[in-house]
Amino acid sequence: MAENKIPYKIYLEENEMPKQWYNVRADMKNKPAPLLNPGTLEPMTAEELGGVFCDELVAQELDNDTPYIDIPQEIRDFYKMYRPSPLVRAYCLEEKLQTPAKIYYKFEGNNTSGSHKLNSAIAQAYYAKKQGLKGVTTETGAGQWGTALSMACSYLDLDCKVYMVKVSYEQKPFRREVMRVYGASVTPSPSMETEIGKKINAEHPGTTGSLGCAISEAVEVAVKNPGYRYVLGSVLNQVLLHQSVIGLETKAALDKYNIKPDIIIGCAGGGSNLGGLISPFMGEKLRGEADYRIIAVEPASCPSFTRGKFAYDFCDTGMVCPLAKMYTLGADFIPSANHAGGLRYHGMSPVLSQLYDDGLMEAVTAVQTDVFEAAETFARVEGILPAPESSHAIKVAIDEALKCKETGEEKTIVFGLTGTGYFDMVAYEKFHDGEMTDYIPTDEELAKYAEKLPKVEK
Ligand SMILES: *Cc1c(COP(=O)(O)O)cnc(C)c1O
């Protein structure tokens with residue numbers, strides 16, 4: 001059978017790796033809405049953004065028109081340490097499910113940070129270094145982004161200050177230590193080192209923190225310290241641009257064997273891996289060259305796309321960041337304490353939000369016990385221990401494959417396997433011990449946060 005010619009893993013040769021990132025905004029008819037200055041509610045200028053982000057990244061953030069942007073040689077050389085990442089044909093999972101569907105996954109967990117986040121971390125650190133900066137500040141939740149950034153900064157000899165959501169700082173000491181191996185300073189957030197941290201601690205004594213709050217602290221430190229800028233691991237246009245390397249490699253690997261996917265699936269926290277994975281496919285869709293079903297999967301406990309509002313909102317709790325128009329649950333929203341599966345950010349990439357609002361992609365939710373069950377099904381046949389975040393995509397890939405089993409359709413499904421779950425064993429433990437529950441916020445709860453969205457007539 002011709003079918004057997006497709007190997008378990010499709011690798012690209014070094015010279016087949018992307019030399020440019022693809023900027024899907026160039027092909028969007030409805031561009032993502034601009035970031036707004038929280039004071040004046042006018043679009044942020046390059047100059048204003050330059051106080052927070054480094055110059056080249058500001059240019060990328062604001063560029064809605066250039067379709068391809070060269071990947072600097074230094075970044076391509078760094079990529080070669082852990083890329084290309086394999087596109088794996090999930091023969092064993094197909095067999096287990098007895099499905100006629102053909103399942104592929106792009107595995108981004110083959111580096112020490114354990115996720116796709118290194119793709120953007122090295123780019124952001126590179127441009128900071130090129131600008132002659134001393135260092136960068138950032139937040140991290142579960143720790144993958146902080147780890148990725150620490151790795152990139154140590155490679156380029158930049159200082160790296162990470163504000164880590166307190167609950168993760170305490171529950172994931174090993175993540176913290178990995179960051180320190182790479183020379184980063186790691187501070188639990190909210191801390192008493194920043195004005196906003198002190199304020200949040202005073203207003204919410206004993207709080208275990210949130211991503212939105214850690215972002216505010218990291219921004220404050222960047223703005224107050226000369227030679228420092230802030231970097232963010234998801235949501236922003238520039239991050240989706242860097243992550244397009246995932247989609248470009250995926251497409252190149254599929255093209256080698258003339259494979260055309262029917263369905264492309266990814267988990268969605270802030271939207272960077274999904275945005276990167278789908279970019280070249282979405283580009284074809286926007287240009288009318290091909291059609292794909294594209295599905296975002298989010299946790300039922302943090303349902304930005306499916307139950308959020310498409311509106312301008314703050315990116316952080318402290319309201320120091322620009323406003324972004326996105327699907328959002330409200331900047332104060334924090335998923336219920338029993339939520340262990342990651343993807344807990346209240347908002348969503350403005351690029352993906354616009355594409356979703358234009359009906360170019362779908363979104364579904366999954367409850368965490370189903371997600372962990374899918375994770376184990378996958379781990380037992382494919383060998384890889386997946387991150388809970390990634391397992392949202394696994395869950396829906398399995399669902400779609402089982403639908404094919406009913407209908408007999410031989411659809412080709414591609415999903416993003418964003419990372420490994422070695423640092424998530426407390427969550428797996430809860431699942432095994434039957435202590436994991438599914439909490440779905442009520443409409444009343446969500447309405448309470450939505451009420452507080454800033455009033456912006458744009
Ligand atoms: C951070 C992370 C995600 C979610 O972030 P996105 O920006 O939505 O891609 C997903 N999977 C893993 C493993 C992560 O570390």
# chains A, B, ... in the order shown; residues from 1 in each chain; ligands from 1
call {"tool": "residues_around", "arguments": {"residues": "Gln354 of chain A", "least_positions_apart": "6", "cutoff": "8 Å", "atoms": "only C-alpha atoms", "output": "PyMOL selection string"}}
result
chain A and resi 30-32+326
call {"tool": "write_last_selection", "arguments": {"atoms": "N, CA and C atoms", "output": "PDB file, in the first residue's frame"}}
result
ATOM      1  N   ASN A  30      -9.817  41.586   7.323  1.00  0.00           N
ATOM      2  CA  ASN A  30     -10.067  42.339   8.552  1.00  0.00           C
ATOM      3  C   ASN A  30      -8.848  42.173   9.458  1.00  0.00           C
ATOM      4  N   LYS A  31      -8.080  43.223   9.591  1.00  0.00           N
ATOM      5  CA  LYS A  31      -6.853  43.144  10.401  1.00  0.00           C
ATOM      6  C   LYS A  31      -7.217  43.095  11.879  1.00  0.00           C
ATOM      7  N   PRO A  32      -6.338  42.523  12.696  1.00  0.00           N
ATOM      8  CA  PRO A  32      -6.605  42.580  14.142  1.00  0.00           C
ATOM      9  C   PRO A  32      -6.631  44.036  14.592  1.00  0.00           C
ATOM     10  N   MET A 326      -9.913  41.515  21.948  1.00  0.00           N
ATOM     11  CA  MET A 326      -9.753  40.063  21.912  1.00  0.00           C
ATOM     12  C   MET A 326     -10.967  39.387  22.547  1.00  0.00           C
TER      13      MET A 326
END
call {"tool": "residues_around", "arguments": {"residues": "Cys321 of chain A", "least_positions_apart": "2", "cutoff": "8 Å", "atoms": "only C-alpha atoms", "output": "PyMOL selection string"}}
result
chain A and resi 38+216+219+314-316+318-319+323
call {"tool": "write_last_selection", "arguments": {"atoms": "N, CA and C atoms", "output": "PDB file, in the first residue's frame"}}
result
ATOM      1  N   PRO A  38      -3.884  52.750  27.371  1.00  0.00           N
ATOM      2  CA  PRO A  38      -4.934  52.651  28.388  1.00  0.00           C
ATOM      3  C   PRO A  38      -5.361  54.017  28.926  1.00  0.00           C
ATOM      4  N   SER A 216       1.820  42.481  35.225  1.00  0.00           N
ATOM      5  CA  SER A 216       1.921  43.870  35.702  1.00  0.00           C
ATOM      6  C   SER A 216       3.248  44.096  36.405  1.00  0.00           C
ATOM      7  N   VAL A 219       6.183  44.166  33.857  1.00  0.00           N
ATOM      8  CA  VAL A 219       6.180  45.396  33.058  1.00  0.00           C
ATOM      9  C   VAL A 219       6.721  46.551  33.896  1.00  0.00           C
ATOM     10  N   PHE A 314      -8.027  44.784  29.243  1.00  0.00           N
ATOM     11  CA  PHE A 314      -6.662  44.845  29.742  1.00  0.00           C
ATOM     12  C   PHE A 314      -6.008  43.471  29.598  1.00  0.00           C
ATOM     13  N   CYS A 315      -4.703  43.504  29.313  1.00  0.00           N
ATOM     14  CA  CYS A 315      -3.961  42.248  29.205  1.00  0.00           C
ATOM     15  C   CYS A 315      -3.491  41.779  30.580  1.00  0.00           C
ATOM     16  N   ASP A 316      -3.546  42.672  31.564  1.00  0.00           N
ATOM     17  CA  ASP A 316      -2.998  42.371  32.888  1.00  0.00           C
ATOM     18  C   ASP A 316      -3.931  42.912  33.971  1.00  0.00           C
ATOM     19  N   GLY A 318      -3.102  44.587  36.662  1.00  0.00           N
ATOM     20  CA  GLY A 318      -2.712  45.910  37.140  1.00  0.00           C
ATOM     21  C   GLY A 318      -3.093  47.022  36.184  1.00  0.00           C
ATOM     22  N   MET A 319      -3.570  46.658  34.994  1.00  0.00           N
ATOM     23  CA  MET A 319      -4.032  47.630  33.994  1.00  0.00           C
ATOM     24  C   MET A 319      -2.934  48.593  33.578  1.00  0.00           C
ATOM     25  N   LEU A 323      -4.464  48.138  25.971  1.00  0.00           N
ATOM     26  CA  LEU A 323      -5.695  47.364  25.809  1.00  0.00           C
ATOM     27  C   LEU A 323      -5.626  46.614  24.487  1.00  0.00           C
TER      28      LEU A 323
END
call {"tool": "residues_around", "arguments": {"residues": "Met28 of chain A", "least_positions_apart": "6", "cutoff": "12 Å", "atoms": "only C-alpha atoms", "output": "PyMOL selection string"}}
result
chain A and resi 64-67+279+282-288+351-352+354-356+358+360
call {"tool": "closest_atom_pairs", "arguments": {"of": "chain A", "to": "ligand 1", "cutoff": "7 Å", "atoms": "only C-alpha atoms and all ligand atoms", "output": "CSV"}}
result
residue,atom,partner,partner_atom_place_in_ligand_line,distance
A:Gly114,CA,ligand 1,13 (C),6.8
A:Ser115,CA,ligand 1,13 (C),4.7
A:His116,CA,ligand 1,15 (O),6.7
A:Lys117,CA,ligand 1,15 (O),6.3
A:Gln144,CA,ligand 1,15 (O),4.9
A:Trp145,CA,ligand 1,1 (C),6.4
A:Gly233,CA,ligand 1,7 (O),6.8
A:Ser234,CA,ligand 1,7 (O),4.3
A:Val235,CA,ligand 1,7 (O),6.2
A:Cys267,CA,ligand 1,10 (C),6.2
A:Ala268,CA,ligand 1,8 (O),4.0
A:Gly269,CA,ligand 1,8 (O),3.3
A:Gly270,CA,ligand 1,8 (O),4.0
A:Gly271,CA,ligand 1,8 (O),3.6
A:Ser272,CA,ligand 1,7 (O),3.6
A:Asn273,CA,ligand 1,9 (O),3.6
A:Leu274,CA,ligand 1,9 (O),5.8
A:Leu343,CA,ligand 1,4 (C),5.4
A:Ala387,CA,ligand 1,13 (C),5.4
A:Glu389,CA,ligand 1,11 (N),4.5
A:Ser390,CA,ligand 1,11 (N),5.0
A:Thr418,CA,ligand 1,13 (C),4.5
A:Gly419,CA,ligand 1,13 (C),3.9
A:Thr420,CA,ligand 1,13 (C),6.4
call {"tool": "residues_around", "arguments": {"residues": "Leu156 of chain A", "least_positions_apart": "3", "cutoff": "12 Å", "atoms": "only C-alpha atoms", "output": "ChimeraX atom specification"}}
result
/A:74-75,78,121-130,132-136,149-153,159-160,182-183
call {"tool": "residues_around", "arguments": {"residues": "Lys411 of chain A", "least_positions_apart": "5", "cutoff": "9 Å", "atoms": "only C-alpha atoms", "output": "mmCIF file with N, CA, C and O atoms, in the first residue's frame"}}
result
data_model
loop_
_atom_site.group_PDB
_atom_site.id
_atom_site.type_symbol
_atom_site.label_atom_id
_atom_site.label_comp_id
_atom_site.auth_asym_id
_atom_site.auth_seq_id
_atom_site.Cartn_x
_atom_site.Cartn_y
_atom_site.Cartn_z
ATOM 1 N N PRO A 100 -10.391 4.982 10.666
ATOM 2 C CA PRO A 100 -9.842 5.141 9.314
ATOM 3 C C PRO A 100 -9.155 6.501 9.128
ATOM 4 O O PRO A 100 -8.515 6.738 8.114
ATOM 5 N N ALA A 101 -9.293 7.383 10.142
ATOM 6 C CA ALA A 101 -8.657 8.708 10.050
ATOM 7 C C ALA A 101 -7.145 8.548 10.085
ATOM 8 O O ALA A 101 -6.616 7.598 10.661
ATOM 9 N N LYS A 102 -6.462 9.490 9.448
ATOM 10 C CA LYS A 102 -5.000 9.525 9.491
ATOM 11 C C LYS A 102 -4.625 10.685 10.399
ATOM 12 O O LYS A 102 -4.989 11.821 10.147
ATOM 13 N N ILE A 103 -3.895 10.341 11.459
ATOM 14 C CA ILE A 103 -3.604 11.355 12.475
ATOM 15 C C ILE A 103 -2.116 11.697 12.477
ATOM 16 O O ILE A 103 -1.265 10.794 12.484
ATOM 17 N N PRO A 261 -4.167 18.158 4.889
ATOM 18 C CA PRO A 261 -4.999 17.925 6.071
ATOM 19 C C PRO A 261 -6.442 18.389 5.857
ATOM 20 O O PRO A 261 -6.688 19.312 5.080
ATOM 21 N N ASP A 262 -7.367 17.707 6.515
ATOM 22 C CA ASP A 262 -8.762 18.161 6.515
ATOM 23 C C ASP A 262 -9.035 19.005 7.751
ATOM 24 O O ASP A 262 -9.766 19.973 7.696
ATOM 25 N N ILE A 263 -8.462 18.555 8.868
ATOM 26 C CA ILE A 263 -8.745 19.212 10.145
ATOM 27 C C ILE A 263 -7.418 19.534 10.842
ATOM 28 O O ILE A 263 -6.537 18.672 10.922
ATOM 29 N N GLU A 400 -12.475 13.587 16.985
ATOM 30 C CA GLU A 400 -12.682 13.686 15.534
ATOM 31 C C GLU A 400 -12.356 12.362 14.843
ATOM 32 O O GLU A 400 -13.033 11.967 13.898
ATOM 33 N N ALA A 401 -11.330 11.677 15.350
ATOM 34 C CA ALA A 401 -10.963 10.382 14.764
ATOM 35 C C ALA A 401 -12.067 9.352 15.014
ATOM 36 O O ALA A 401 -12.341 8.495 14.166
ATOM 37 N N CYS A 404 -14.839 9.773 12.607
ATOM 38 C CA CYS A 404 -14.491 9.158 11.316
ATOM 39 C C CYS A 404 -14.762 7.658 11.352
ATOM 40 O O CYS A 404 -15.124 7.044 10.346
#
call {"tool": "closest_residue", "arguments": {"among": "A:Glu373, A:Asp313, A:Glu362, A:Glu457", "to": "Gly347 of chain A", "atoms": "only C-alpha atoms"}}
result
A:Asp313
call {"tool": "residues_around", "arguments": {"residues": "Gly143 of chain A", "least_positions_apart": "4", "cutoff": "12 Å", "atoms": "only C-alpha atoms", "output": "ChimeraX atom specification"}}
result
/A:112-115,117,138-139,147-150,162-180,186-188,211,233,342,421-424
call {"tool": "atom_distance", "arguments": {"atom1": "atom CA of Gly276 of chain A", "atom2": "atom CA of Trp21 of chain A"}}
result
9.5 Å
